[in-house]
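Engineer: Next up, model-v9.pdb (PDB, N, CA and C atoms).
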```
ATOM      1  N   MET A   1     -38.390 -16.280   2.863  1.00  0.00           N
ATOM      2  CA  MET A   1     -38.760 -15.655   4.118  1.00  0.00           C
ATOM      3  C   MET A   1     -39.843 -14.623   3.853  1.00  0.00           C
ATOM      4  N   HIS A   2     -40.802 -14.502   4.768  1.00  0.00           N
ATOM      5  CA  HIS A   2     -41.833 -13.492   4.611  1.00  0.00           C
ATOM      6  C   HIS A   2     -41.606 -12.386   5.635  1.00  0.00           C
ATOM      7  N   ASP A   3     -42.314 -11.273   5.466  1.00  0.00           N
ATOM      8  CA  ASP A   3     -42.095 -10.120   6.336  1.00  0.00           C
ATOM      9  C   ASP A   3     -43.150 -10.012   7.426  1.00  0.00           C
ATOM     10  N   GLY A   4     -43.600 -11.141   7.953  1.00  0.00           N
ATOM     11  CA  GLY A   4     -44.573 -11.117   9.046  1.00  0.00           C
ATOM     12  C   GLY A   4     -45.875 -10.492   8.604  1.00  0.00           C
ATOM     13  N   CYS A   5     -46.404  -9.641   9.450  1.00  0.00           N
ATOM     14  CA  CYS A   5     -47.688  -9.003   9.163  1.00  0.00           C
ATOM     15  C   CYS A   5     -47.513  -7.597   8.625  1.00  0.00           C
ATOM     16  N   SER A   6     -46.307  -7.150   8.465  1.00  0.00           N
ATOM     17  CA  SER A   6     -46.107  -5.796   7.955  1.00  0.00           C
ATOM     18  C   SER A   6     -46.611  -5.700   6.530  1.00  0.00           C
ATOM     19  N   GLY A   7     -47.096  -4.543   6.183  1.00  0.00           N
ATOM     20  CA  GLY A   7     -47.587  -4.325   4.834  1.00  0.00           C
ATOM     21  C   GLY A   7     -49.065  -4.588   4.664  1.00  0.00           C
ATOM     22  N   ALA A   8     -49.695  -5.292   5.593  1.00  0.00           N
ATOM     23  CA  ALA A   8     -51.122  -5.583   5.454  1.00  0.00           C
ATOM     24  C   ALA A   8     -51.971  -4.395   5.885  1.00  0.00           C
ATOM     25  N   GLY A   9     -51.593  -3.749   6.972  1.00  0.00           N
ATOM     26  CA  GLY A   9     -52.264  -2.535   7.425  1.00  0.00           C
ATOM     27  C   GLY A   9     -53.771  -2.605   7.416  1.00  0.00           C
ATOM     28  N   SER A  10     -54.395  -1.524   6.999  1.00  0.00           N
ATOM     29  CA  SER A  10     -55.857  -1.467   7.014  1.00  0.00           C
ATOM     30  C   SER A  10     -56.464  -1.763   5.650  1.00  0.00           C
ATOM     31  N   ASP A  11     -55.643  -1.985   4.621  1.00  0.00           N
ATOM     32  CA  ASP A  11     -56.146  -2.322   3.295  1.00  0.00           C
ATOM     33  C   ASP A  11     -56.621  -3.777   3.321  1.00  0.00           C
ATOM     34  N   ALA A  12     -57.926  -3.976   3.281  1.00  0.00           N
ATOM     35  CA  ALA A  12     -58.510  -5.306   3.439  1.00  0.00           C
ATOM     36  C   ALA A  12     -58.085  -6.278   2.341  1.00  0.00           C
ATOM     37  N   THR A  13     -57.974  -5.799   1.119  1.00  0.00           N
ATOM     38  CA  THR A  13     -57.562  -6.683   0.027  1.00  0.00           C
ATOM     39  C   THR A  13     -56.126  -7.149   0.231  1.00  0.00           C
ATOM     40  N   ALA A  14     -55.254  -6.237   0.631  1.00  0.00           N
ATOM     41  CA  ALA A  14     -53.859  -6.607   0.901  1.00  0.00           C
ATOM     42  C   ALA A  14     -53.780  -7.572   2.072  1.00  0.00           C
ATOM     43  N   MET A  15     -54.619  -7.346   3.088  1.00  0.00           N
ATOM     44  CA  MET A  15     -54.630  -8.226   4.251  1.00  0.00           C
ATOM     45  C   MET A  15     -55.058  -9.636   3.839  1.00  0.00           C
ATOM     46  N   LEU A  16     -56.100  -9.736   3.035  1.00  0.00           N
ATOM     47  CA  LEU A  16     -56.572 -11.041   2.572  1.00  0.00           C
ATOM     48  C   LEU A  16     -55.490 -11.748   1.755  1.00  0.00           C
ATOM     49  N   GLN A  17     -54.858 -11.026   0.848  1.00  0.00           N
ATOM     50  CA  GLN A  17     -53.792 -11.613   0.040  1.00  0.00           C
ATOM     51  C   GLN A  17     -52.635 -12.085   0.914  1.00  0.00           C
ATOM     52  N   LYS A  18     -52.301 -11.307   1.946  1.00  0.00           N
ATOM     53  CA  LYS A  18     -51.218 -11.655   2.854  1.00  0.00           C
ATOM     54  C   LYS A  18     -51.544 -12.938   3.617  1.00  0.00           C
ATOM     55  N   VAL A  19     -52.771 -13.025   4.137  1.00  0.00           N
ATOM     56  CA  VAL A  19     -53.196 -14.216   4.881  1.00  0.00           C
ATOM     57  C   VAL A  19     -53.140 -15.448   3.981  1.00  0.00           C
ATOM     58  N   ARG A  20     -53.587 -15.304   2.750  1.00  0.00           N
ATOM     59  CA  ARG A  20     -53.536 -16.421   1.796  1.00  0.00           C
ATOM     60  C   ARG A  20     -52.101 -16.790   1.459  1.00  0.00           C
ATOM     61  N   MET A  21     -51.259 -15.777   1.202  1.00  0.00           N
ATOM     62  CA  MET A  21     -49.859 -16.019   0.841  1.00  0.00           C
ATOM     63  C   MET A  21     -49.124 -16.750   1.971  1.00  0.00           C
ATOM     64  N   MET A  22     -49.431 -16.382   3.209  1.00  0.00           N
ATOM     65  CA  MET A  22     -48.771 -16.985   4.358  1.00  0.00           C
ATOM     66  C   MET A  22     -49.321 -18.376   4.676  1.00  0.00           C
ATOM     67  N   GLY A  23     -50.422 -18.763   4.021  1.00  0.00           N
ATOM     68  CA  GLY A  23     -50.998 -20.083   4.229  1.00  0.00           C
ATOM     69  C   GLY A  23     -51.877 -20.196   5.464  1.00  0.00           C
ATOM     70  N   PHE A  24     -52.360 -19.062   5.978  1.00  0.00           N
ATOM     71  CA  PHE A  24     -53.164 -19.072   7.188  1.00  0.00           C
ATOM     72  C   PHE A  24     -54.669 -19.005   6.935  1.00  0.00           C
ATOM     73  N   SER A  25     -55.103 -18.818   5.716  1.00  0.00           N
ATOM     74  CA  SER A  25     -56.520 -18.526   5.454  1.00  0.00           C
ATOM     75  C   SER A  25     -57.482 -19.557   6.044  1.00  0.00           C
ATOM     76  N   GLY A  26     -57.150 -20.818   6.013  1.00  0.00           N
ATOM     77  CA  GLY A  26     -58.039 -21.853   6.523  1.00  0.00           C
ATOM     78  C   GLY A  26     -57.739 -22.300   7.938  1.00  0.00           C
ATOM     79  N   MET A  27     -56.731 -21.693   8.542  1.00  0.00           N
ATOM     80  CA  MET A  27     -56.352 -22.089   9.904  1.00  0.00           C
ATOM     81  C   MET A  27     -57.273 -21.430  10.935  1.00  0.00           C
ATOM     82  N   PRO A  28     -57.499 -22.107  12.054  1.00  0.00           N
ATOM     83  CA  PRO A  28     -58.412 -21.558  13.063  1.00  0.00           C
ATOM     84  C   PRO A  28     -57.831 -20.353  13.802  1.00  0.00           C
ATOM     85  N   LEU A  29     -58.710 -19.409  14.100  1.00  0.00           N
ATOM     86  CA  LEU A  29     -58.337 -18.276  14.946  1.00  0.00           C
ATOM     87  C   LEU A  29     -58.101 -18.794  16.359  1.00  0.00           C
ATOM     88  N   PRO A  30     -57.311 -18.077  17.156  1.00  0.00           N
ATOM     89  CA  PRO A  30     -57.133 -18.497  18.553  1.00  0.00           C
ATOM     90  C   PRO A  30     -58.469 -18.593  19.287  1.00  0.00           C
ATOM     91  N   VAL A  31     -59.381 -17.666  18.993  1.00  0.00           N
ATOM     92  CA  VAL A  31     -60.730 -17.668  19.563  1.00  0.00           C
ATOM     93  C   VAL A  31     -61.679 -17.190  18.468  1.00  0.00           C
ATOM     94  N   ALA A  32     -62.727 -17.955  18.207  1.00  0.00           N
ATOM     95  CA  ALA A  32     -63.719 -17.540  17.204  1.00  0.00           C
ATOM     96  C   ALA A  32     -64.376 -16.237  17.651  1.00  0.00           C
ATOM     97  N   VAL A  33     -64.745 -15.404  16.658  1.00  0.00           N
ATOM     98  CA  VAL A  33     -65.329 -14.094  16.940  1.00  0.00           C
ATOM     99  C   VAL A  33     -66.668 -13.978  16.225  1.00  0.00           C
ATOM    100  N   ASP A  34     -67.703 -13.579  16.948  1.00  0.00           N
ATOM    101  CA  ASP A  34     -68.994 -13.303  16.319  1.00  0.00           C
ATOM    102  C   ASP A  34     -68.954 -11.879  15.788  1.00  0.00           C
ATOM    103  N   ILE A  35     -69.157 -11.730  14.472  1.00  0.00           N
ATOM    104  CA  ILE A  35     -69.107 -10.399  13.868  1.00  0.00           C
ATOM    105  C   ILE A  35     -70.363 -10.131  13.046  1.00  0.00           C
ATOM    106  N   PRO A  36     -70.814  -8.889  13.059  1.00  0.00           N
ATOM    107  CA  PRO A  36     -71.934  -8.517  12.192  1.00  0.00           C
ATOM    108  C   PRO A  36     -71.386  -8.188  10.803  1.00  0.00           C
ATOM    109  N   CYS A  37     -71.987  -8.740   9.783  1.00  0.00           N
ATOM    110  CA  CYS A  37     -71.547  -8.480   8.415  1.00  0.00           C
ATOM    111  C   CYS A  37     -71.811  -7.020   8.061  1.00  0.00           C
ATOM    112  N   THR A  38     -70.822  -6.377   7.476  1.00  0.00           N
ATOM    113  CA  THR A  38     -70.965  -4.976   7.079  1.00  0.00           C
ATOM    114  C   THR A  38     -71.855  -4.820   5.861  1.00  0.00           C
ATOM    115  N   ASN A  39     -72.109  -5.913   5.150  1.00  0.00           N
ATOM    116  CA  ASN A  39     -72.921  -5.851   3.940  1.00  0.00           C
ATOM    117  C   ASN A  39     -74.400  -6.140   4.205  1.00  0.00           C
ATOM    118  N   CYS A  40     -74.682  -7.160   5.045  1.00  0.00           N
ATOM    119  CA  CYS A  40     -76.079  -7.579   5.222  1.00  0.00           C
ATOM    120  C   CYS A  40     -76.547  -7.596   6.677  1.00  0.00           C
ATOM    121  N   ASP A  41     -75.683  -7.248   7.604  1.00  0.00           N
ATOM    122  CA  ASP A  41     -75.989  -7.215   9.042  1.00  0.00           C
ATOM    123  C   ASP A  41     -76.216  -8.587   9.683  1.00  0.00           C
ATOM    124  N   HIS A  42     -76.006  -9.657   8.951  1.00  0.00           N
ATOM    125  CA  HIS A  42     -76.116 -10.996   9.538  1.00  0.00           C
ATOM    126  C   HIS A  42     -74.905 -11.212  10.453  1.00  0.00           C
ATOM    127  N   THR A  43     -75.120 -11.657  11.681  1.00  0.00           N
ATOM    128  CA  THR A  43     -74.017 -11.959  12.587  1.00  0.00           C
ATOM    129  C   THR A  43     -73.622 -13.416  12.404  1.00  0.00           C
ATOM    130  N   PHE A  44     -72.323 -13.641  12.219  1.00  0.00           N
ATOM    131  CA  PHE A  44     -71.832 -14.997  12.045  1.00  0.00           C
ATOM    132  C   PHE A  44     -70.549 -15.178  12.828  1.00  0.00           C
ATOM    133  N   SER A  45     -70.148 -16.416  13.028  1.00  0.00           N
ATOM    134  CA  SER A  45     -68.943 -16.722  13.774  1.00  0.00           C
ATOM    135  C   SER A  45     -67.767 -16.875  12.810  1.00  0.00           C
ATOM    136  N   MET A  46     -66.780 -16.018  12.990  1.00  0.00           N
ATOM    137  CA  MET A  46     -65.551 -16.105  12.193  1.00  0.00           C
ATOM    138  C   MET A  46     -64.594 -17.004  12.970  1.00  0.00           C
ATOM    139  N   ALA A  47     -64.287 -18.168  12.410  1.00  0.00           N
ATOM    140  CA  ALA A  47     -63.472 -19.152  13.109  1.00  0.00           C
ATOM    141  C   ALA A  47     -62.092 -19.337  12.499  1.00  0.00           C
ATOM    142  N   THR A  48     -61.888 -18.832  11.269  1.00  0.00           N
ATOM    143  CA  THR A  48     -60.593 -18.958  10.601  1.00  0.00           C
ATOM    144  C   THR A  48     -60.099 -17.579  10.181  1.00  0.00           C
ATOM    145  N   PHE A  49     -58.834 -17.480   9.819  1.00  0.00           N
ATOM    146  CA  PHE A  49     -58.244 -16.190   9.457  1.00  0.00           C
ATOM    147  C   PHE A  49     -58.902 -15.566   8.228  1.00  0.00           C
ATOM    148  N   GLU A  50     -59.518 -16.386   7.403  1.00  0.00           N
ATOM    149  CA  GLU A  50     -60.343 -15.917   6.282  1.00  0.00           C
ATOM    150  C   GLU A  50     -61.698 -16.597   6.407  1.00  0.00           C
ATOM    151  N   SER A  51     -62.748 -15.810   6.454  1.00  0.00           N
ATOM    152  CA  SER A  51     -64.100 -16.357   6.561  1.00  0.00           C
ATOM    153  C   SER A  51     -65.045 -15.528   5.713  1.00  0.00           C
ATOM    154  N   ALA A  52     -66.140 -16.157   5.307  1.00  0.00           N
ATOM    155  CA  ALA A  52     -67.143 -15.441   4.516  1.00  0.00           C
ATOM    156  C   ALA A  52     -68.487 -15.489   5.226  1.00  0.00           C
ATOM    157  N   CYS A  53     -69.236 -14.419   5.115  1.00  0.00           N
ATOM    158  CA  CYS A  53     -70.587 -14.370   5.658  1.00  0.00           C
ATOM    159  C   CYS A  53     -71.424 -15.419   4.921  1.00  0.00           C
ATOM    160  N   PRO A  54     -72.093 -16.294   5.646  1.00  0.00           N
ATOM    161  CA  PRO A  54     -72.894 -17.332   4.985  1.00  0.00           C
ATOM    162  C   PRO A  54     -74.138 -16.793   4.282  1.00  0.00           C
ATOM    163  N   GLU A  55     -74.546 -15.586   4.608  1.00  0.00           N
ATOM    164  CA  GLU A  55     -75.741 -14.999   3.994  1.00  0.00           C
ATOM    165  C   GLU A  55     -75.450 -14.314   2.664  1.00  0.00           C
ATOM    166  N   CYS A  56     -74.367 -13.528   2.598  1.00  0.00           N
ATOM    167  CA  CYS A  56     -74.123 -12.735   1.386  1.00  0.00           C
ATOM    168  C   CYS A  56     -72.772 -13.000   0.726  1.00  0.00           C
ATOM    169  N   GLY A  57     -71.881 -13.718   1.387  1.00  0.00           N
ATOM    170  CA  GLY A  57     -70.595 -14.044   0.788  1.00  0.00           C
ATOM    171  C   GLY A  57     -69.500 -13.006   0.991  1.00  0.00           C
ATOM    172  N   MET A  58     -69.736 -11.980   1.826  1.00  0.00           N
ATOM    173  CA  MET A  58     -68.689 -10.996   2.105  1.00  0.00           C
ATOM    174  C   MET A  58     -67.533 -11.717   2.800  1.00  0.00           C
ATOM    175  N   VAL A  59     -66.324 -11.533   2.263  1.00  0.00           N
ATOM    176  CA  VAL A  59     -65.144 -12.204   2.790  1.00  0.00           C
ATOM    177  C   VAL A  59     -64.434 -11.276   3.775  1.00  0.00           C
ATOM    178  N   TYR A  60     -64.053 -11.847   4.920  1.00  0.00           N
ATOM    179  CA  TYR A  60     -63.351 -11.120   5.972  1.00  0.00           C
ATOM    180  C   TYR A  60     -62.002 -11.770   6.218  1.00  0.00           C
ATOM    181  N   ALA A  61     -61.030 -10.955   6.645  1.00  0.00           N
ATOM    182  CA  ALA A  61     -59.697 -11.480   6.938  1.00  0.00           C
ATOM    183  C   ALA A  61     -59.090 -10.738   8.115  1.00  0.00           C
ATOM    184  N   VAL A  62     -58.180 -11.432   8.778  1.00  0.00           N
ATOM    185  CA  VAL A  62     -57.372 -10.832   9.837  1.00  0.00           C
ATOM    186  C   VAL A  62     -56.029 -11.568   9.809  1.00  0.00           C
ATOM    187  N   THR A  63     -54.948 -10.834  10.051  1.00  0.00           N
ATOM    188  CA  THR A  63     -53.632 -11.457  10.069  1.00  0.00           C
ATOM    189  C   THR A  63     -53.396 -12.139  11.412  1.00  0.00           C
ATOM    190  N   PRO A  64     -52.498 -13.118  11.445  1.00  0.00           N
ATOM    191  CA  PRO A  64     -52.178 -13.775  12.717  1.00  0.00           C
ATOM    192  C   PRO A  64     -51.689 -12.784  13.777  1.00  0.00           C
ATOM    193  N   CYS A  65     -50.968 -11.760  13.372  1.00  0.00           N
ATOM    194  CA  CYS A  65     -50.457 -10.767  14.324  1.00  0.00           C
ATOM    195  C   CYS A  65     -51.580  -9.980  14.987  1.00  0.00           C
ATOM    196  N   SER A  66     -52.726  -9.882  14.345  1.00  0.00           N
ATOM    197  CA  SER A  66     -53.848  -9.080  14.852  1.00  0.00           C
ATOM    198  C   SER A  66     -55.040  -9.924  15.288  1.00  0.00           C
ATOM    199  N   ALA A  67     -54.890 -11.231  15.316  1.00  0.00           N
ATOM    200  CA  ALA A  67     -56.013 -12.132  15.563  1.00  0.00           C
ATOM    201  C   ALA A  67     -56.659 -11.955  16.929  1.00  0.00           C
ATOM    202  N   ASN A  68     -55.947 -11.401  17.887  1.00  0.00           N
ATOM    203  CA  ASN A  68     -56.516 -11.215  19.218  1.00  0.00           C
ATOM    204  C   ASN A  68     -57.282  -9.906  19.363  1.00  0.00           C
ATOM    205  N   ASP A  69     -57.371  -9.133  18.275  1.00  0.00           N
ATOM    206  CA  ASP A  69     -58.074  -7.844  18.305  1.00  0.00           C
ATOM    207  C   ASP A  69     -59.179  -7.851  17.243  1.00  0.00           C
ATOM    208  N   PRO A  70     -60.425  -8.121  17.631  1.00  0.00           N
ATOM    209  CA  PRO A  70     -61.526  -8.182  16.660  1.00  0.00           C
ATOM    210  C   PRO A  70     -61.686  -6.908  15.828  1.00  0.00           C
ATOM    211  N   SER A  71     -61.233  -5.769  16.325  1.00  0.00           N
ATOM    212  CA  SER A  71     -61.350  -4.524  15.554  1.00  0.00           C
ATOM    213  C   SER A  71     -60.441  -4.522  14.332  1.00  0.00           C
ATOM    214  N   LYS A  72     -59.522  -5.460  14.249  1.00  0.00           N
ATOM    215  CA  LYS A  72     -58.592  -5.552  13.112  1.00  0.00           C
ATOM    216  C   LYS A  72     -59.145  -6.421  11.978  1.00  0.00           C
ATOM    217  N   ILE A  73     -60.285  -7.065  12.180  1.00  0.00           N
ATOM    218  CA  ILE A  73     -60.907  -7.879  11.129  1.00  0.00           C
ATOM    219  C   ILE A  73     -61.451  -6.924  10.072  1.00  0.00           C
ATOM    220  N   ARG A  74     -61.151  -7.192   8.796  1.00  0.00           N
ATOM    221  CA  ARG A  74     -61.548  -6.305   7.710  1.00  0.00           C
ATOM    222  C   ARG A  74     -62.350  -7.043   6.644  1.00  0.00           C
ATOM    223  N   PRO A  75     -63.393  -6.396   6.108  1.00  0.00           N
ATOM    224  CA  PRO A  75     -64.127  -6.971   4.983  1.00  0.00           C
ATOM    225  C   PRO A  75     -63.345  -6.709   3.693  1.00  0.00           C
ATOM    226  N   ALA A  76     -63.150  -7.755   2.903  1.00  0.00           N
ATOM    227  CA  ALA A  76     -62.357  -7.628   1.678  1.00  0.00           C
ATOM    228  C   ALA A  76     -63.192  -7.623   0.413  1.00  0.00           C
ATOM    229  N   GLY A  77     -64.484  -7.857   0.537  1.00  0.00           N
ATOM    230  CA  GLY A  77     -65.356  -7.845  -0.636  1.00  0.00           C
ATOM    231  C   GLY A  77     -66.136  -9.135  -0.776  1.00  0.00           C
ATOM    232  N   ILE A  78     -67.227  -9.048  -1.513  1.00  0.00           N
ATOM    233  CA  ILE A  78     -68.062 -10.222  -1.741  1.00  0.00           C
ATOM    234  C   ILE A  78     -67.356 -11.147  -2.728  1.00  0.00           C
ATOM    235  N   GLY A  79     -67.206 -12.394  -2.308  1.00  0.00           N
ATOM    236  CA  GLY A  79     -66.577 -13.389  -3.154  1.00  0.00           C
ATOM    237  C   GLY A  79     -65.105 -13.164  -3.390  1.00  0.00           C
ATOM    238  N   ALA A  80     -64.478 -12.301  -2.585  1.00  0.00           N
ATOM    239  CA  ALA A  80     -63.049 -11.996  -2.762  1.00  0.00           C
ATOM    240  C   ALA A  80     -62.277 -13.273  -2.650  1.00  0.00           C
TER     241      ALA A  80
END
```
Kindly return the structure encoded in the file as structure tokens.
Structural biologist:
Amino acid sequence: MHDGCSGAGSDATAMLQKVRMMGFSGMPLPVAVDIPCTNCDHTFSMATFESACPECGMVYAVTPCSANDPSKIRPAGIGA
């Protein structure tokens, strides 16, 4: 049994690990979100719970519990 989305909080690395552990990283978001990359300013469409900027490789994650709130998407690092 897993503990839902608790423990992921605002720590982007923990959030990414949680999404991967839960098996959601490649699953589609309820609604794709256009986000500006915090590393290179390229705007791209984040369509899965784990996505990477196509320009620089910055990896972003959001938990299923927070998928409806774009402000909860966190950058976890380049090539994370």
Engineer: In terms of the shortest atom-to-atom distance over all atoms listed in the file, which of A:Met27, A:Met58, A:Ala76, A:Ala32 is closest to Ala14 of chain A?
Structural biologist: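 Ranking A:Met27, A:Met58, A:Ala76, A:Ala32 by distance to Ala14 of chain A, first place goes to A:Ala76.
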Engineer: DSSP on the backbone: which residues in chain A end up as strand (DSSP E)? Give the answer as a VMD selection string.
Structural biologist: chain A and resid 28 to 36 43 to 48 50 to 52 58 to 61 74 to 78
Engineer: Calculated over only N, CA and C atoms, which of the candidates A:Val33, A:Gly79, A:Phe49, A:Asp11 has the smallest distance to Thr63 of chain A?
Structural biologist: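 Using only N, CA and C atoms, the shortest distance to Thr63 of chain A belongs to A:Phe49.
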Engineer: Around (-62.8, -12.6, 12.3) in the file's own coordinates, what residues are found within 8 Å if you use only N, CA and C atoms, given back as an mmCIF file with N, CA and C atoms, in the coordinates of the input?
Structural biologist:
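Ended up saving to selection-v2.cif:
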```cif
data_model
loop_
_atom_site.group_PDB
_atom_site.id
_atom_site.type_symbol
_atom_site.label_atom_id
_atom_site.label_comp_id
_atom_site.auth_asym_id
_atom_site.auth_seq_id
_atom_site.Cartn_x
_atom_site.Cartn_y
_atom_site.Cartn_z
ATOM 1 N N LEU A 29 -58.710 -19.409 14.100
ATOM 2 C CA LEU A 29 -58.337 -18.276 14.946
ATOM 3 C C LEU A 29 -58.101 -18.794 16.359
ATOM 4 N N VAL A 31 -59.381 -17.666 18.993
ATOM 5 C CA VAL A 31 -60.730 -17.668 19.563
ATOM 6 C C VAL A 31 -61.679 -17.190 18.468
ATOM 7 N N ALA A 32 -62.727 -17.955 18.207
ATOM 8 C CA ALA A 32 -63.719 -17.540 17.204
ATOM 9 C C ALA A 32 -64.376 -16.237 17.651
ATOM 10 N N VAL A 33 -64.745 -15.404 16.658
ATOM 11 C CA VAL A 33 -65.329 -14.094 16.940
ATOM 12 C C VAL A 33 -66.668 -13.978 16.225
ATOM 13 N N ASP A 34 -67.703 -13.579 16.948
ATOM 14 C CA ASP A 34 -68.994 -13.303 16.319
ATOM 15 C C ASP A 34 -68.954 -11.879 15.788
ATOM 16 N N ILE A 35 -69.157 -11.730 14.472
ATOM 17 C CA ILE A 35 -69.107 -10.399 13.868
ATOM 18 C C ILE A 35 -70.363 -10.131 13.046
ATOM 19 N N SER A 45 -70.148 -16.416 13.028
ATOM 20 C CA SER A 45 -68.943 -16.722 13.774
ATOM 21 C C SER A 45 -67.767 -16.875 12.810
ATOM 22 N N MET A 46 -66.780 -16.018 12.990
ATOM 23 C CA MET A 46 -65.551 -16.105 12.193
ATOM 24 C C MET A 46 -64.594 -17.004 12.970
ATOM 25 N N ALA A 47 -64.287 -18.168 12.410
ATOM 26 C CA ALA A 47 -63.472 -19.152 13.109
ATOM 27 C C ALA A 47 -62.092 -19.337 12.499
ATOM 28 N N THR A 48 -61.888 -18.832 11.269
ATOM 29 C CA THR A 48 -60.593 -18.958 10.601
ATOM 30 C C THR A 48 -60.099 -17.579 10.181
ATOM 31 N N PHE A 49 -58.834 -17.480 9.819
ATOM 32 C CA PHE A 49 -58.244 -16.190 9.457
ATOM 33 C C PHE A 49 -58.902 -15.566 8.228
ATOM 34 N N GLU A 50 -59.518 -16.386 7.403
ATOM 35 C CA GLU A 50 -60.343 -15.917 6.282
ATOM 36 C C GLU A 50 -61.698 -16.597 6.407
ATOM 37 N N SER A 51 -62.748 -15.810 6.454
ATOM 38 C CA SER A 51 -64.100 -16.357 6.561
ATOM 39 C C SER A 51 -65.045 -15.528 5.713
ATOM 40 N N TYR A 60 -64.053 -11.847 4.920
ATOM 41 C CA TYR A 60 -63.351 -11.120 5.972
ATOM 42 C C TYR A 60 -62.002 -11.770 6.218
ATOM 43 N N ALA A 61 -61.030 -10.955 6.645
ATOM 44 C CA ALA A 61 -59.697 -11.480 6.938
ATOM 45 C C ALA A 61 -59.090 -10.738 8.115
ATOM 46 N N VAL A 62 -58.180 -11.432 8.778
ATOM 47 C CA VAL A 62 -57.372 -10.832 9.837
ATOM 48 C C VAL A 62 -56.029 -11.568 9.809
ATOM 49 N N ALA A 67 -54.890 -11.231 15.316
ATOM 50 C CA ALA A 67 -56.013 -12.132 15.563
ATOM 51 C C ALA A 67 -56.659 -11.955 16.929
ATOM 52 N N ASP A 69 -57.371 -9.133 18.275
ATOM 53 C CA ASP A 69 -58.074 -7.844 18.305
ATOM 54 C C ASP A 69 -59.179 -7.851 17.243
ATOM 55 N N PRO A 70 -60.425 -8.121 17.631
ATOM 56 C CA PRO A 70 -61.526 -8.182 16.660
ATOM 57 C C PRO A 70 -61.686 -6.908 15.828
ATOM 58 N N LYS A 72 -59.522 -5.460 14.249
ATOM 59 C CA LYS A 72 -58.592 -5.552 13.112
ATOM 60 C C LYS A 72 -59.145 -6.421 11.978
ATOM 61 N N ILE A 73 -60.285 -7.065 12.180
ATOM 62 C CA ILE A 73 -60.907 -7.879 11.129
ATOM 63 C C ILE A 73 -61.451 -6.924 10.072
ATOM 64 N N ARG A 74 -61.151 -7.192 8.796
ATOM 65 C CA ARG A 74 -61.548 -6.305 7.710
ATOM 66 C C ARG A 74 -62.350 -7.043 6.644
#
```
Engineer: So the first atom is atom N of Cys40 of chain A and the second is atom N of Ala80 of chain A; what is the distance between them in Å, to one decimal place?
Structural biologist: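 Answer for the atom N of Cys40 of chain A to atom N of Ala80 of chain A separation: 13.7 Å.
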Engineer: Let me make sure I understand: among A:Thr13, A:Pro64, A:Gly23, A:Cys56, which one has the smallest atom-to-atom distance to Asn39 of chain A if we use only N, CA and C atoms?
Structural biologist: A:Cys56
Engineer: To one decimal in Å, tell me the separation between atom CA of Met22 of chain A and atom CA of Asp41 of chain A.
Structural biologist: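 Atom CA of Asp41 of chain A lies at a distance of 29.3 Å from atom CA of Met22 of chain A.
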Engineer: What gap, in Å, lies between atom N of Cys37 of chain A and atom CA of Ser71 of chain A?
Structural biologist: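 Atom-to-atom, atom N of Cys37 of chain A and atom CA of Ser71 of chain A are spaced 12.8 Å apart.
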Engineer: Draw an axis-aligned box tight on the listed atoms of segment 19-26 of chain A, then pad every side by 4 Å and write out centre and edge lengths in Å to one decimal as lines of an AutoDock Vina configuration file.
Structural biologist:
```
center_x = -53.4
center_y = -17.7
center_z = 4.4
size_x = 17.3
size_y = 17.3
size_z = 15.1
```
Engineer: Got a sec to tell me which of chain A DSSP assigns to helix (DSSP H, G or I), as a ChimeraX atom specification?
Structural biologist: /A:12-21,64-66,70-72
